[in-house]
file upload.txt (compact mmCIF, C-alpha atoms)
# COMPACT_ATOMS: atom_id res chain seq x y z
CA MET A 1499 0.00 0.00 0.00
CA THR A 1500 1.14 3.54 -0.76
CA ASN A 1501 0.46 5.86 2.19
CA LEU A 1502 -0.68 9.37 1.28
CA LYS A 1503 -1.89 12.11 3.65
CA ILE A 1504 -4.46 14.59 2.36
CA GLY A 1505 -6.03 17.62 4.00
CA GLY A 1506 -8.67 20.27 3.50
CA VAL A 1507 -11.10 22.53 5.32
CA PRO A 1508 -14.03 20.77 7.04
CA GLU A 1509 -16.56 22.38 4.69
CA HIS A 1510 -19.17 21.25 2.18
CA PHE A 1511 -16.78 21.77 -0.78
CA ASN A 1512 -14.82 18.71 0.37
CA TYR A 1513 -17.75 16.32 0.89
CA PRO A 1514 -16.89 14.46 -2.36
CA TRP A 1515 -13.61 13.40 -0.69
CA TYR A 1516 -15.57 12.07 2.28
CA ILE A 1517 -17.74 9.91 -0.02
CA THR A 1518 -14.78 8.38 -1.88
CA LEU A 1519 -12.93 7.69 1.38
CA LYS A 1520 -16.02 6.16 2.97
CA ASN A 1521 -16.42 3.89 -0.08
CA LYS A 1522 -12.74 2.83 0.19
CA GLU A 1523 -12.21 3.85 -3.45
CA TYR A 1524 -8.48 4.45 -2.95
CA SER A 1525 -7.66 1.23 -1.11
CA LYS A 1526 -9.02 -0.70 -4.12
CA HIS A 1527 -5.94 0.67 -5.91
CA ASN A 1528 -3.48 -0.06 -3.07
CA ILE A 1529 -3.52 3.57 -1.89
CA ASN A 1530 -3.98 4.24 1.83
CA LEU A 1531 -5.29 7.83 1.65
CA ARG A 1532 -5.75 9.41 5.09
CA TRP A 1533 -7.78 12.61 5.42
CA GLN A 1534 -7.08 15.34 7.97
CA ASP A 1535 -9.27 18.40 8.59
CA TYR A 1536 -7.50 21.77 8.64
CA PRO A 1537 -9.94 24.22 10.31
CA GLY A 1538 -7.20 26.89 10.18
CA GLY A 1539 -7.53 26.93 6.39
CA THR A 1540 -4.98 27.50 3.65
CA GLY A 1541 -2.26 29.13 5.77
CA GLN A 1542 -2.25 26.08 8.06
CA MET A 1543 -2.12 23.70 5.06
CA CYS A 1544 0.70 25.60 3.34
CA LYS A 1545 2.72 25.15 6.53
CA ALA A 1546 1.82 21.42 6.59
CA LEU A 1547 2.93 21.00 2.94
CA ARG A 1548 6.23 22.68 3.78
CA ASN A 1549 6.97 20.47 6.81
CA GLY A 1550 5.72 17.28 5.16
CA SER A 1551 2.85 16.58 7.56
CA VAL A 1552 0.47 16.52 4.58
CA ASP A 1553 1.15 15.29 1.02
CA ILE A 1554 -1.88 16.60 -0.86
CA ALA A 1555 -3.91 19.68 0.12
CA ILE A 1556 -7.17 21.21 -1.11
CA VAL A 1557 -6.19 24.87 -0.78
CA LEU A 1558 -7.32 28.31 -1.84
CA THR A 1559 -5.81 29.33 -5.15
CA GLU A 1560 -4.48 32.71 -3.99
CA GLY A 1561 -2.91 31.25 -0.85
CA ILE A 1562 -0.93 28.47 -2.51
CA ILE A 1563 0.22 30.66 -5.42
CA LYS A 1564 1.61 33.15 -2.91
CA ASP A 1565 3.26 30.39 -0.87
CA ILE A 1566 4.81 28.61 -3.87
CA ALA A 1567 6.14 32.01 -4.98
CA ASP A 1568 7.65 32.28 -1.46
CA GLY A 1569 9.36 28.88 -1.73
CA ASN A 1570 6.79 26.21 -0.82
CA PRO A 1571 8.16 23.01 -2.49
CA SER A 1572 4.79 21.99 -3.97
CA LYS A 1573 2.91 22.17 -7.28
CA ILE A 1574 -0.70 22.76 -8.23
CA VAL A 1575 -1.91 19.67 -10.11
CA GLN A 1576 -5.43 20.83 -10.98
CA THR A 1577 -8.28 23.15 -10.09
CA PHE A 1578 -10.72 21.52 -7.66
CA VAL A 1579 -13.58 24.06 -7.63
CA GLU A 1580 -13.91 26.09 -10.84
CA THR A 1581 -16.23 28.78 -9.53
CA PRO A 1582 -15.33 31.74 -7.28
CA LEU A 1583 -15.58 31.53 -3.50
CA ILE A 1584 -18.04 34.00 -2.01
CA TRP A 1585 -16.39 35.63 1.00
CA GLY A 1586 -18.81 37.15 3.48
CA ILE A 1587 -17.61 40.30 5.26
CA HIS A 1588 -18.79 39.91 8.84
CA VAL A 1589 -18.94 42.10 11.94
CA GLY A 1590 -20.10 41.20 15.44
CA ALA A 1591 -23.82 41.37 16.08
CA LYS A 1592 -23.43 44.45 18.32
CA SER A 1593 -20.85 46.19 16.12
CA LYS A 1594 -21.26 49.90 15.39
CA PHE A 1595 -20.22 49.28 11.77
CA LYS A 1596 -23.16 49.21 9.37
CA LYS A 1597 -21.74 49.44 5.84
CA ILE A 1598 -18.58 48.59 3.95
CA ASP A 1599 -17.27 52.18 3.99
CA ASP A 1600 -17.23 52.12 7.81
CA LEU A 1601 -14.53 49.42 7.77
CA GLU A 1602 -11.71 51.37 6.09
CA ASN A 1603 -9.64 51.82 9.27
CA ALA A 1604 -11.01 48.83 11.20
CA THR A 1605 -9.00 45.85 12.48
CA ILE A 1606 -9.37 42.68 10.41
CA ALA A 1607 -9.45 39.20 11.98
CA ILE A 1608 -7.45 36.73 9.84
CA SER A 1609 -6.71 33.05 10.41
CA ARG A 1610 -3.03 33.44 9.43
CA PHE A 1611 -0.87 35.68 7.27
CA GLY A 1612 -0.98 34.22 3.75
CA SER A 1613 -4.40 32.66 4.36
CA GLY A 1614 -7.48 33.38 2.27
CA SER A 1615 -8.96 35.54 5.00
CA HIS A 1616 -5.80 37.68 4.86
CA LEU A 1617 -5.38 37.85 1.08
CA MET A 1618 -9.07 38.46 0.37
CA ALA A 1619 -9.11 41.30 2.91
CA ILE A 1620 -6.43 42.90 0.70
CA VAL A 1621 -8.49 42.21 -2.46
CA ASN A 1622 -11.56 43.77 -0.80
CA ALA A 1623 -9.53 46.82 0.33
CA TYR A 1624 -8.23 47.24 -3.22
CA ASN A 1625 -11.79 47.02 -4.59
CA GLN A 1626 -12.86 49.75 -2.14
CA GLY A 1627 -9.90 52.01 -3.03
CA TRP A 1628 -8.43 51.87 0.50
CA ASP A 1629 -4.72 52.22 1.33
CA ILE A 1630 -3.55 48.59 1.63
CA ALA A 1631 -0.44 49.66 3.55
CA LYS A 1632 -2.65 50.89 6.39
CA LEU A 1633 -4.62 47.66 6.92
CA LYS A 1634 -4.50 46.32 10.51
CA PHE A 1635 -4.68 42.59 11.17
CA LYS A 1636 -5.33 40.38 14.18
CA VAL A 1637 -4.38 36.67 13.82
CA ILE A 1638 -7.17 34.48 15.21
CA LYS A 1639 -6.27 30.98 13.78
CA ASP A 1640 -9.72 29.71 12.76
CA LEU A 1641 -13.46 30.39 12.59
CA GLN A 1642 -13.91 30.00 16.35
CA GLY A 1643 -11.09 32.51 16.85
CA GLY A 1644 -12.96 34.89 14.55
CA ILE A 1645 -16.15 34.50 16.56
CA ASP A 1646 -14.26 35.23 19.80
CA ALA A 1647 -12.36 38.23 18.38
CA LEU A 1648 -15.48 39.90 16.96
CA THR A 1649 -17.51 39.18 20.09
CA ASN A 1650 -14.94 40.56 22.56
CA GLY A 1651 -13.86 43.48 20.35
CA GLU A 1652 -10.27 42.36 19.60
CA ALA A 1653 -11.06 42.74 15.89
CA ASP A 1654 -13.77 44.55 13.93
CA TYR A 1655 -14.48 42.42 10.86
CA PHE A 1656 -13.78 38.96 9.56
CA MET A 1657 -13.97 37.47 6.06
CA TRP A 1658 -14.95 33.81 5.73
CA GLU A 1659 -16.86 31.70 3.22
CA HIS A 1660 -20.45 33.02 2.93
CA PHE A 1661 -22.32 29.73 3.38
CA THR A 1662 -20.09 28.31 6.13
CA THR A 1663 -20.75 31.41 8.22
CA LYS A 1664 -24.46 31.74 7.29
CA PRO A 1665 -25.64 29.84 10.43
CA LEU A 1666 -23.69 32.38 12.53
CA VAL A 1667 -25.50 35.20 10.73
CA ASP A 1668 -28.83 33.40 11.23
CA ASN A 1669 -28.28 32.94 14.97
CA GLY A 1670 -27.15 36.53 15.53
CA THR A 1671 -23.45 35.90 16.26
CA PHE A 1672 -22.38 37.82 13.13
CA ARG A 1673 -23.91 40.45 10.89
CA ARG A 1674 -22.88 40.22 7.25
CA ILE A 1675 -22.21 43.62 5.75
CA ASP A 1676 -21.36 42.52 2.20
CA ASP A 1677 -19.84 39.79 0.03
CA CYS A 1678 -16.57 39.71 -1.91
CA PRO A 1679 -16.17 36.93 -4.53
CA THR A 1680 -12.70 35.72 -5.52
CA PRO A 1681 -11.73 36.94 -8.99
CA TRP A 1682 -10.51 33.40 -9.88
CA PRO A 1683 -11.44 29.70 -9.41
CA CYS A 1684 -11.36 29.19 -5.67
CA PHE A 1685 -9.88 25.80 -4.72
CA VAL A 1686 -6.95 23.91 -6.24
CA ILE A 1687 -5.23 20.61 -5.40
CA ALA A 1688 -1.57 21.02 -4.42
CA VAL A 1689 0.95 18.21 -3.95
CA ARG A 1690 4.43 18.21 -2.45
CA ASN A 1691 7.17 17.94 -5.11
CA GLU A 1692 8.74 14.95 -3.36
CA VAL A 1693 5.44 13.06 -3.54
CA LEU A 1694 5.02 13.92 -7.24
CA GLU A 1695 8.51 12.56 -7.94
CA ASN A 1696 8.01 9.33 -5.98
CA ASN A 1697 4.29 8.64 -6.38
CA PHE A 1698 3.19 10.29 -9.62
CA ASN A 1699 0.95 7.38 -10.71
CA GLU A 1700 -0.72 7.10 -7.31
CA VAL A 1701 -1.46 10.85 -7.23
CA LYS A 1702 -2.89 10.56 -10.76
CA LYS A 1703 -5.15 7.71 -9.59
CA VAL A 1704 -6.35 9.81 -6.61
CA LEU A 1705 -7.26 12.61 -9.03
CA ASP A 1706 -9.08 10.19 -11.37
CA ILE A 1707 -11.19 8.91 -8.47
CA ILE A 1708 -12.14 12.32 -7.05
CA ASN A 1709 -12.85 13.75 -10.53
CA ALA A 1710 -15.22 10.86 -11.27
CA GLU A 1711 -17.01 11.63 -7.98
CA THR A 1712 -17.34 15.40 -8.52
CA ALA A 1713 -18.54 14.92 -12.13
CA ASP A 1714 -21.88 13.55 -10.88
CA PHE A 1715 -21.86 14.97 -7.36
CA LYS A 1716 -24.90 17.23 -7.80
CA GLU A 1717 -26.94 14.30 -9.17
CA ILE A 1718 -26.61 12.25 -5.96
CA GLU A 1719 -30.09 11.64 -4.56
CA ASN A 1720 -30.92 14.03 -1.70
CA ILE A 1721 -27.37 15.46 -1.68
CA ASP A 1722 -28.82 18.84 -0.65
CA LYS A 1723 -30.48 17.32 2.44
CA THR A 1724 -27.33 15.33 3.30
CA LEU A 1725 -25.13 18.43 3.13
CA ALA A 1726 -27.61 20.60 5.04
CA LYS A 1727 -27.71 18.09 7.88
CA ARG A 1728 -23.97 17.38 8.00
CA TYR A 1729 -22.88 21.04 7.89
CA GLU A 1730 -25.83 22.40 9.93
CA GLN A 1731 -27.06 24.58 7.10
CA GLN A 1732 -30.51 25.70 5.98
CA LEU A 1733 -31.64 23.54 3.06
CA GLU A 1734 -32.33 26.61 0.88
CA ASP A 1735 -28.77 27.89 1.50
CA ILE A 1736 -27.23 24.57 0.45
CA GLN A 1737 -29.45 24.50 -2.65
CA LYS A 1738 -28.31 28.01 -3.55
CA TRP A 1739 -24.67 27.03 -2.96
CA LEU A 1740 -24.98 23.89 -5.13
CA LYS A 1741 -26.43 26.02 -7.93
CA ILE A 1742 -23.44 28.40 -8.03
CA THR A 1743 -20.67 25.83 -7.43
CA GLU A 1744 -18.91 23.86 -10.18
CA TRP A 1745 -16.15 21.31 -9.62
CA ASN A 1746 -13.40 20.62 -12.10
CA ALA A 1747 -13.80 17.11 -13.47
CA GLY A 1748 -10.23 16.54 -14.60
CA LYS A 1749 -9.13 19.38 -16.85
CA PRO A 1750 -5.44 20.28 -16.36
CA ILE A 1751 -4.59 23.68 -14.94
CA THR A 1752 -3.01 25.98 -17.53
CA LYS A 1753 -0.08 28.39 -17.42
CA ASN A 1754 -2.45 30.96 -18.89
CA LEU A 1755 -4.79 30.74 -15.86
CA ILE A 1756 -1.87 30.95 -13.40
CA GLY A 1757 -0.53 33.94 -15.33
CA ARG A 1758 -3.87 35.76 -15.20
CA ILE A 1759 -4.23 35.12 -11.46
CA GLN A 1760 -0.67 36.33 -10.84
CA ASN A 1761 -1.39 39.52 -12.79
CA LYS A 1762 -4.33 40.25 -10.48
CA MET A 1763 -2.30 39.37 -7.36
CA VAL A 1764 0.46 41.78 -8.39
CA GLN A 1765 -2.19 44.43 -9.04
CA PHE A 1766 -3.63 43.80 -5.54
CA ASN A 1767 -0.12 43.98 -3.94
CA VAL A 1768 -0.53 40.39 -2.72
CA ILE A 1769 2.67 39.29 -4.51
CA GLU A 1770 5.53 41.58 -5.51
CA GLU A 1771 6.29 40.23 -8.96
CA LYS A 1772 5.02 37.74 -11.49
CA LYS A 1773 7.02 34.51 -11.80
CA ASN A 1774 7.18 31.86 -14.51
CA SER A 1775 3.72 30.27 -14.45
CA GLY A 1776 5.20 26.84 -15.25
CA ASP A 1777 6.93 26.89 -11.83
CA PHE A 1778 3.56 26.64 -10.08
CA ILE A 1779 2.01 23.66 -11.86
CA LYS A 1780 2.55 20.00 -12.68
CA ASN A 1781 0.63 18.59 -15.63
CA MET A 1782 -0.75 15.18 -14.61
CA TYR A 1783 -2.39 14.57 -17.97
CA ILE A 1784 0.63 14.12 -20.21
call {"tool": "encode", "arguments": {"input": "upload.txt", "output": "structure tokens"}}
result
Amino acid sequence: MTNLKIGGVPEHFNYPWYITLKNKEYSKHNINLRWQDYPGGTGQMCKALRNGSVDIAIVLTEGIIKDIADGNPSKIVQTFVETPLIWGIHVGAKSKFKKIDDLENATIAISRFGSGSHLMAIVNAYNQGWDIAKLKFKVIKDLQGGIDALTNGEADYFMWEHFTTKPLVDNGTFRRIDDCPTPWPCFVIAVRNEVLENNFNEVKKVLDIINAETADFKEIENIDKTLAKRYEQQLEDIQKWLKITEWNAGKPITKNLIGRIQNKMVQFNVIEEKKNSGDFIKNMYI
């Protein structure tokens, strides 16, 4: 058996992985694939890829591009979710802030530097025409840290995936002021270079299995009810999310796409300079 460790956020986007693992799809091909949840998000997974505690990670596109540019010894092997991620911009229920303009000089809760919550706060600031150099951040590690920081006033606003945080809006923990979609496909699959060198065929098989699952994922009977129950969501919210979410069913990631994303990230001051797009990707479909 080939042992491979994989990780992702414990959110509805990754439920297809849960199904394939539950059905022991990988062990049929002599692959012992072990899943680990990373509630701290992309920053936590980038660190895990660097130190070898995970082999494959389902990460936010902007986070892994920035980290590979900064020396993470990994490659993007394909897009996982083709559609943008909708980031909700949240304040505490009792916050004095009412509209997006009120947040210009406010303190932003982020899970980690280099995480999606950090990078998308920069994208949002750019969209609003704010001075990015003046942004103030408070590191809170994960969603629970965000709840605590906004409730006790350590931070003023927090950006996290719209539907994951919807129950917190519904129960009055957060107020959502606005949304900010990513200007690119939101999730990619990244693999450590060492694993690609030693286990290329096994990684390819893992991708074949998950792509076959996501191709028909929306057609699974009562998938909306299953997801609503598992992730404690309103059924109508899950149905809305399913409508606007598309998975990649096995198309290779292109240098052109990486180049376009880098152009935007340079424009947003998220990365300093554009690098060779081929350095970020490994084509599994040769």
call {"tool": "atom_distance", "arguments": {"input": "upload.txt", "atom1": "CA of Asp1553 (chain A)", "atom2": "CA of Pro1582 (chain A)"}}
result
24.7 Å
call {"tool": "closest_residue", "arguments": {"input": "upload.txt", "among": "A:Arg1610, A:Arg1690, A:Arg1674, A:Arg1532", "to": "Lys1503 (chain A)", "atoms": "all atoms listed in the file"}}
result
A:Arg1532
call {"tool": "closest_residue", "arguments": {"input": "upload.txt", "among": "A:Arg1548, A:His1527, A:Lys1632, A:Lys1753", "to": "Asn1774 (chain A)", "atoms": "only C-alpha atoms"}}
result
A:Lys1753
call {"tool": "closest_residue", "arguments": {"input": "upload.txt", "among": "A:Thr1743, A:Thr1518, A:Thr1605, A:Asn1501", "to": "Pro1683 (chain A)", "atoms": "all atoms listed in the file"}}
result
A:Thr1743
call {"tool": "residues_near_point", "arguments": {"input": "upload.txt", "point": "(-4.7, 15.8, 5.6)", "cutoff": "10 Å", "atoms": "only C-alpha atoms", "output": "PyMOL selection string"}}
result
chain A and resi 1502-1507+1531-1536+1543+1546-1547+1551-1556
call {"tool": "write_last_selection", "arguments": {"input": "upload.txt", "atoms": "C-alpha atoms", "output": "short mmCIF file (atom, residue, chain, number, x, y, z; two decimals), keeping the file's coordinate frame"}}
result
data_model
loop_
_atom_site.label_atom_id
_atom_site.label_comp_id
_atom_site.auth_asym_id
_atom_site.auth_seq_id
_atom_site.Cartn_x
_atom_site.Cartn_y
_atom_site.Cartn_z
CA LEU A 1502 -0.68 9.37 1.28
CA LYS A 1503 -1.89 12.11 3.65
CA ILE A 1504 -4.46 14.59 2.36
CA GLY A 1505 -6.03 17.62 4.00
CA GLY A 1506 -8.67 20.27 3.50
CA VAL A 1507 -11.10 22.53 5.32
CA LEU A 1531 -5.29 7.83 1.65
CA ARG A 1532 -5.75 9.41 5.09
CA TRP A 1533 -7.78 12.61 5.42
CA GLN A 1534 -7.08 15.34 7.97
CA ASP A 1535 -9.27 18.40 8.59
CA TYR A 1536 -7.50 21.77 8.64
CA MET A 1543 -2.12 23.70 5.06
CA ALA A 1546 1.82 21.42 6.59
CA LEU A 1547 2.93 21.00 2.94
CA SER A 1551 2.85 16.58 7.56
CA VAL A 1552 0.47 16.52 4.58
CA ASP A 1553 1.15 15.29 1.02
CA ILE A 1554 -1.88 16.60 -0.86
CA ALA A 1555 -3.91 19.68 0.12
CA ILE A 1556 -7.17 21.21 -1.11
#
call {"tool": "residues_around", "arguments": {"input": "upload.txt", "residues": "region 1636-1653 of chain A", "least_positions_apart": "3", "cutoff": "8 Å", "atoms": "all atoms listed in the file", "output": "ChimeraX atom specification"}}
result
/A:1537-1539,1589-1591,1604-1611,1656,1658,1671-1672
call {"tool": "atom_distance", "arguments": {"input": "upload.txt", "atom1": "CA of Asp1777 (chain A)", "atom2": "CA of Ile1562 (chain A)"}}
result
12.3 Å
call {"tool": "closest_atom_pairs", "arguments": {"input": "upload.txt", "of": "region 1595-1662 of chain A", "to": "region 1563-1578 of chain A", "cutoff": "12 Å", "atoms": "only C-alpha atoms", "output": "Markdown table"}}
result
| residue | atom | partner | partner_atom | distance |
| --- | --- | --- | --- | --- |
| A:Phe1611 | CA | A:Asp1565 | CA | 10.5 |
| A:Gly1612 | CA | A:Lys1564 | CA | 7.2 |
| A:Ser1613 | CA | A:Lys1564 | CA | 9.4 |
| A:Gly1614 | CA | A:Lys1564 | CA | 10.5 |
| A:His1616 | CA | A:Lys1564 | CA | 11.7 |
| A:Leu1617 | CA | A:Lys1564 | CA | 9.3 |
call {"tool": "atom_distance", "arguments": {"input": "upload.txt", "atom1": "CA of Met1499 (chain A)", "atom2": "CA of Ile1687 (chain A)"}}
result
21.9 Å
call {"tool": "closest_residue", "arguments": {"input": "upload.txt", "among": "A:Asp1629, A:Glu1771, A:Glu1711, A:Thr1662", "to": "Leu1725 (chain A)", "atoms": "all atoms listed in the file"}}
result
A:Thr1662
call {"tool": "closest_residue", "arguments": {"input": "upload.txt", "among": "A:Lys1762, A:Met1782, A:Glu1580, A:Ile1587", "to": "Val1704 (chain A)", "atoms": "only C-alpha atoms"}}
result
A:Met1782
call {"tool": "residues_around", "arguments": {"input": "upload.txt", "residues": "Asn1699 (chain A)", "least_positions_apart": "6", "cutoff": "12 Å", "atoms": "all atoms listed in the file", "output": "ChimeraX atom specification"}}
result
/A:1500,1527-1529,1693,1705-1706,1782-1784
call {"tool": "residues_around", "arguments": {"input": "upload.txt", "residues": "Ile1630 (chain A)", "least_positions_apart": "3", "cutoff": "9 Å", "atoms": "only C-alpha atoms", "output": "list in words"}}
result
Ile1620, Ala1623, Tyr1624, Gly1627, Leu1633, Phe1766 and Asn1767 of chain A
call {"tool": "build_atoms", "arguments": {"input": "upload.txt", "residues": "region 1693-1715 of chain A", "atoms": "N, CA and C atoms", "output": "CSV table (one decimal), keeping the file's coordinate frame"}}
result
chain,number,residue,atom,x,y,z
A,1693,VAL,N,6.5,14.1,-3.3
A,1693,VAL,CA,5.4,13.1,-3.5
A,1693,VAL,C,5.2,12.9,-5.0
A,1694,LEU,N,5.2,14.0,-5.8
A,1694,LEU,CA,5.0,13.9,-7.2
A,1694,LEU,C,6.2,13.1,-7.9
A,1695,GLU,N,7.4,13.3,-7.4
A,1695,GLU,CA,8.5,12.6,-7.9
A,1695,GLU,C,8.4,11.1,-7.6
A,1696,ASN,N,8.0,10.7,-6.4
A,1696,ASN,CA,8.0,9.3,-6.0
A,1696,ASN,C,6.7,8.6,-6.2
A,1697,ASN,N,5.6,9.3,-6.3
A,1697,ASN,CA,4.3,8.6,-6.4
A,1697,ASN,C,3.4,9.3,-7.4
A,1698,PHE,N,3.9,9.6,-8.6
A,1698,PHE,CA,3.2,10.3,-9.6
A,1698,PHE,C,1.9,9.5,-10.0
A,1699,ASN,N,2.1,8.2,-10.2
A,1699,ASN,CA,1.0,7.4,-10.7
A,1699,ASN,C,-0.1,7.3,-9.7
A,1700,GLU,N,0.3,7.2,-8.4
A,1700,GLU,CA,-0.7,7.1,-7.3
A,1700,GLU,C,-1.5,8.4,-7.2
A,1701,VAL,N,-0.8,9.5,-7.3
A,1701,VAL,CA,-1.5,10.8,-7.2
A,1701,VAL,C,-2.4,11.0,-8.4
A,1702,LYS,N,-2.0,10.5,-9.6
A,1702,LYS,CA,-2.9,10.6,-10.8
A,1702,LYS,C,-4.2,9.7,-10.5
A,1703,LYS,N,-4.0,8.6,-9.9
A,1703,LYS,CA,-5.2,7.7,-9.6
A,1703,LYS,C,-6.1,8.4,-8.6
A,1704,VAL,N,-5.5,9.1,-7.6
A,1704,VAL,CA,-6.4,9.8,-6.6
A,1704,VAL,C,-7.2,10.9,-7.3
A,1705,LEU,N,-6.5,11.6,-8.3
A,1705,LEU,CA,-7.3,12.6,-9.0
A,1705,LEU,C,-8.4,12.0,-9.9
A,1706,ASP,N,-8.1,10.9,-10.5
A,1706,ASP,CA,-9.1,10.2,-11.4
A,1706,ASP,C,-10.3,9.8,-10.5
A,1707,ILE,N,-10.1,9.3,-9.3
A,1707,ILE,CA,-11.2,8.9,-8.5
A,1707,ILE,C,-12.0,10.1,-8.0
A,1708,ILE,N,-11.4,11.2,-7.6
A,1708,ILE,CA,-12.1,12.3,-7.0
A,1708,ILE,C,-12.8,13.0,-8.2
A,1709,ASN,N,-12.2,13.1,-9.4
A,1709,ASN,CA,-12.8,13.8,-10.5
A,1709,ASN,C,-14.1,13.0,-11.0
A,1710,ALA,N,-14.0,11.7,-10.9
A,1710,ALA,CA,-15.2,10.9,-11.3
A,1710,ALA,C,-16.4,11.1,-10.3
A,1711,GLU,N,-16.0,11.4,-9.0
A,1711,GLU,CA,-17.0,11.6,-8.0
A,1711,GLU,C,-17.6,13.0,-8.2
A,1712,THR,N,-16.8,14.0,-8.4
A,1712,THR,CA,-17.3,15.4,-8.5
A,1712,THR,C,-18.1,15.6,-9.8
A,1713,ALA,N,-17.8,14.8,-10.8
A,1713,ALA,CA,-18.5,14.9,-12.1
A,1713,ALA,C,-20.0,14.7,-12.0
A,1714,ASP,N,-20.5,13.8,-11.1
A,1714,ASP,CA,-21.9,13.6,-10.9
A,1714,ASP,C,-22.4,13.9,-9.5
A,1715,PHE,N,-21.6,14.7,-8.8
A,1715,PHE,CA,-21.9,15.0,-7.4
A,1715,PHE,C,-23.3,15.6,-7.1
